[in-house]
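J.: Below you will find the structure I want to go over with you.
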Amino acid sequence: MKVFAISDLHLSINNPKPMDIFGERWDNYLEKISESWENCVSEDDTVLIAGDISWAMTLESAVPDLRYIAGLKGNKVILRGNHDYWWKSISGVRAMLPAGMFAVQNDCVRVDDLLLCGSRGWLSPDVKQFTAEDKKIYDRELIRTRMSLDAMRAERRDGDRVVAMMHYPPFNSRLERSPFTELFTEYEVDAVVYGHLHGKDCRVSRETVIDGIKYYLTSCDLVDNRLVEIELQ
């Protein structure tokens with residue numbers, strides 16, 4: 001089984017919201033993603049989608065977007081992003097997911113020998129105007145991430161591969177160590193995927209290595225609307 005990732009699809013199948021207003025990288029981006037998916041993924045593979053899945057405001061209105069994803073090949077594992085307002089409760093989301101789709105939220109999901117864990121994350125503390133409320137959310141996300149990693153550790157068996165998913169970057173724009181990266185090192189995950197970042201002016205690196213763990217940026221516009229293969233032993 002191969003593992004791929006892409007994020008920030010911002011789907012609006014039944015209520016189209018043009019994304020090309022955000023730049024030429026968004027021109028026909030869904031067609032490019034679908035083509036990449038068709039060319040890369042087999043039915044036995046798994047694709048990770050690290051947040052900002054749909055513009056929908058309610059779970060019911062997100063169903064067409066979830067069905068679009070479900071119609072693509074492979075298993076799909078999704079994580080909530082900051083724009084996924086339709087994602088109210090994990091139980092509600094899981095009850096609506098089509099076959100072959102799984103959701104991660106502060107816990108761990110197994111797909112064969114692959115363990116997926118993670119949490120949404122939050123803004124880096126060194127951004128401008130980081131408020132006391134931001135600090136509360138950041139600390140809460142750290143707790144949730146550890147909860148997810150604890151669930152993974154309890155489930156982990158010899159030969160299992162572990163990928164942690166976040167929506168927000170787990171480090172600052174200088175790609176420095178953070179409390180999140182320290183957790184991933186402590187729990188010896190094999191790889192981390194994240195998204196959230198957009199635009200040609202972002203200071204980003206598609207791949208970053210910290211303590212031997214590879215971190216993959218997967219925002220669709222910053223990976224040329226192609227699925228990113230996650231390298232795992």
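Residues in the structure tokens are numbered from 1 in each chain, the chains being A, B, ... in the order shown, and ligands are numbered from 1 in the order shown.
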Find the residues around Leu48 in chain A up to 7 Å (only C-alpha atoms counted), leave out those fewer than 2 positions away in its own chain, and share them as a PDB file with N, CA, C and O atoms, in the first residue's frame.
T.:
```pdb
ATOM      1  N   PHE A   4      -0.432   8.603  -0.037  1.00  0.00           N
ATOM      2  CA  PHE A   4      -0.348   9.910  -0.681  1.00  0.00           C
ATOM      3  C   PHE A   4      -1.065  10.933   0.200  1.00  0.00           C
ATOM      4  O   PHE A   4      -1.832  10.582   1.095  1.00  0.00           O
ATOM      5  N   ALA A   5      -0.833  12.215  -0.080  1.00  0.00           N
ATOM      6  CA  ALA A   5      -1.504  13.264   0.681  1.00  0.00           C
ATOM      7  C   ALA A   5      -1.736  14.486  -0.189  1.00  0.00           C
ATOM      8  O   ALA A   5      -0.963  14.767  -1.122  1.00  0.00           O
ATOM      9  N   ILE A   6      -2.805  15.190   0.132  1.00  0.00           N
ATOM     10  CA  ILE A   6      -3.098  16.495  -0.465  1.00  0.00           C
ATOM     11  C   ILE A   6      -4.096  17.175   0.467  1.00  0.00           C
ATOM     12  O   ILE A   6      -4.842  16.497   1.192  1.00  0.00           O
ATOM     13  N   THR A  46      -3.772   4.595   0.087  1.00  0.00           N
ATOM     14  CA  THR A  46      -4.474   5.490   1.014  1.00  0.00           C
ATOM     15  C   THR A  46      -4.062   6.927   0.747  1.00  0.00           C
ATOM     16  O   THR A  46      -2.875   7.213   0.556  1.00  0.00           O
ATOM     17  N   ALA A  50      -5.519  16.686   4.736  1.00  0.00           N
ATOM     18  CA  ALA A  50      -5.277  17.348   6.019  1.00  0.00           C
ATOM     19  C   ALA A  50      -6.015  18.682   6.133  1.00  0.00           C
ATOM     20  O   ALA A  50      -5.423  19.729   6.388  1.00  0.00           O
ATOM     21  N   LYS A  76      -9.529   6.887   1.905  1.00  0.00           N
ATOM     22  CA  LYS A  76      -9.329   8.307   2.169  1.00  0.00           C
ATOM     23  C   LYS A  76      -9.451   8.582   3.666  1.00  0.00           C
ATOM     24  O   LYS A  76     -10.392   8.111   4.306  1.00  0.00           O
ATOM     25  N   VAL A  77      -8.495   9.343   4.202  1.00  0.00           N
ATOM     26  CA  VAL A  77      -8.509   9.709   5.614  1.00  0.00           C
ATOM     27  C   VAL A  77      -8.494  11.228   5.701  1.00  0.00           C
ATOM     28  O   VAL A  77      -7.603  11.879   5.152  1.00  0.00           O
ATOM     29  N   ILE A  78      -9.478  11.798   6.395  1.00  0.00           N
ATOM     30  CA  ILE A  78      -9.625  13.245   6.443  1.00  0.00           C
ATOM     31  C   ILE A  78      -9.431  13.771   7.865  1.00  0.00           C
ATOM     32  O   ILE A  78      -9.631  13.067   8.848  1.00  0.00           O
TER      33      ILE A  78
END
```
J.: Do a neighbour search on Thr145 in chain A at 10 Å with only C-alpha atoms, toss out local chain neighbours closer than 5 positions, and write the hits as JSON, numbers by chain.
T.: {"A": [105, 106, 107, 117, 118, 119, 120, 121, 139, 140, 150, 151, 164, 165, 166, 180, 183, 184]}
J.: Could the residues in this selection be saved with C-alpha atoms as a PDB file, in the first residue's frame?
T.:
```
ATOM      1  CA  GLN A 105      -9.856  13.930  15.338  1.00  0.00           C
ATOM      2  CA  ASN A 106      -7.582  13.767  18.364  1.00  0.00           C
ATOM      3  CA  ASP A 107      -7.497   9.971  18.094  1.00  0.00           C
ATOM      4  CA  CYS A 117      -3.336  10.285  14.181  1.00  0.00           C
ATOM      5  CA  GLY A 118      -3.378  14.016  14.744  1.00  0.00           C
ATOM      6  CA  SER A 119      -5.200  17.233  15.474  1.00  0.00           C
ATOM      7  CA  ARG A 120      -5.916  20.522  13.735  1.00  0.00           C
ATOM      8  CA  GLY A 121      -3.151  22.562  15.409  1.00  0.00           C
ATOM      9  CA  ASP A 139      -2.118  24.733  24.345  1.00  0.00           C
ATOM     10  CA  ARG A 140      -5.394  22.864  23.919  1.00  0.00           C
ATOM     11  CA  ASP A 150      -1.265   8.143  23.123  1.00  0.00           C
ATOM     12  CA  ALA A 151      -4.076   6.397  21.232  1.00  0.00           C
ATOM     13  CA  ALA A 164       0.593  12.282  12.016  1.00  0.00           C
ATOM     14  CA  MET A 165      -1.800  14.734  10.371  1.00  0.00           C
ATOM     15  CA  MET A 166      -2.181  18.434  11.159  1.00  0.00           C
ATOM     16  CA  PHE A 180       4.403  19.900  18.261  1.00  0.00           C
ATOM     17  CA  LEU A 183       5.778  15.450  20.477  1.00  0.00           C
ATOM     18  CA  PHE A 184       6.249  13.809  17.085  1.00  0.00           C
TER      19      PHE A 184
END
```
J.: Enumerate the residues of range 18-191 of chain A with a DSSP assignment of helix (DSSP H, G or I), computed from the backbone, and present them as a ChimeraX atom specification.
T.: /A:20-22,24-26,29-40,59-70,90-96,132-155,179-186
J.: Between CA of Val41 in chain A and CA of His167 in chain A, what is the distance, to one decimal in Å?
T.: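 Rounded to one decimal, the two atoms are 22.2 Å apart.
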J.: Quick one: residues within 10 Å of Asp84 in chain A, only C-alpha atoms, excluding same-chain residues fewer than 6 positions away - as a PyMOL selection string?
T.: chain A and resi 8+10+51-59+62
J.: Residues of range 11-212 of chain A in strand (DSSP E or B) according to DSSP, as a ChimeraX atom specification?
T.: /A:11,46-50,54,75-79,101-104,108-111,114-118,161-165,191-194,207-210
J.: May I ask which of the residues A:Ser91, A:Thr131, A:Ser148, A:Ser219 is the closest one to Leu115 in chain A, counting only C-alpha atoms?
T.: A:Ser148
J.: I need the residue nearest Asp158 in chain A from this list: A:Thr181, A:Asp113, A:Gly71, A:Asn82. Use only C-alpha atoms for the distance.
T.: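 Checking each of A:Thr181, A:Asp113, A:Gly71, A:Asn82 against Asp158 in chain A, counting only C-alpha atoms, the winner is A:Asp113.
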J.: Kindly indicate which residue among A:Val228, A:Lys136, A:Asn14, A:Leu222 lies nearest to Ser61 in chain A, using only C-alpha atoms for the distances.
T.: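 That would be A:Asn14, the residue with the smallest distance to Ser61 in chain A.
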J.: Interatomic distance between CA of Lys73 in chain A and CA of Glu43 in chain A?
T.: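 Between these atoms lies a distance of 5.2 Å.
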J.: Grab the CA of Met101 in chain A to CA of Asp45 in chain A distance for me, in Å with one decimal place.
T.: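 Straight-line distance from CA of Met101 in chain A to CA of Asp45 in chain A works out to 12.2 Å.
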J.: Of the candidates A:Thr218, A:Asn225, A:Asn75, A:Ser12, which one gets nearest to Gly100 in chain A if we count only C-alpha atoms?
T.: A:Asn75
J.: Which residues are close to Ile137 in chain A, i.e. within 12 Å by only C-alpha atoms, leaving aside same-chain residues fewer than 3 positions away? Reply as a list in words.
T.: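 The residues that qualify are Ser119, Arg120, Gly121, Trp122, Leu123, Ser124, Pro125, Phe130, Thr131, Ala132, Glu133, Asp134, Arg140, Glu141, Leu142, Ile143 and Arg144 of chain A.
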J.: Please provide as a PyMOL selection string all residues within 10 Å of Lys2 in chain A, with the sequence filter that same-chain residues fewer than 6 positions apart are discarded (counting only C-alpha atoms).
T.: chain A and resi 40-42+44-47+74+114+229-232
J.: When distances are computed from only C-alpha atoms, which of A:Val109, A:Arg94, A:Asn172, A:Ile13 shows the smallest separation from Leu149 in chain A?
T.: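 Comparing A:Val109, A:Arg94, A:Asn172, A:Ile13 against Leu149 in chain A, the winner is A:Val109.
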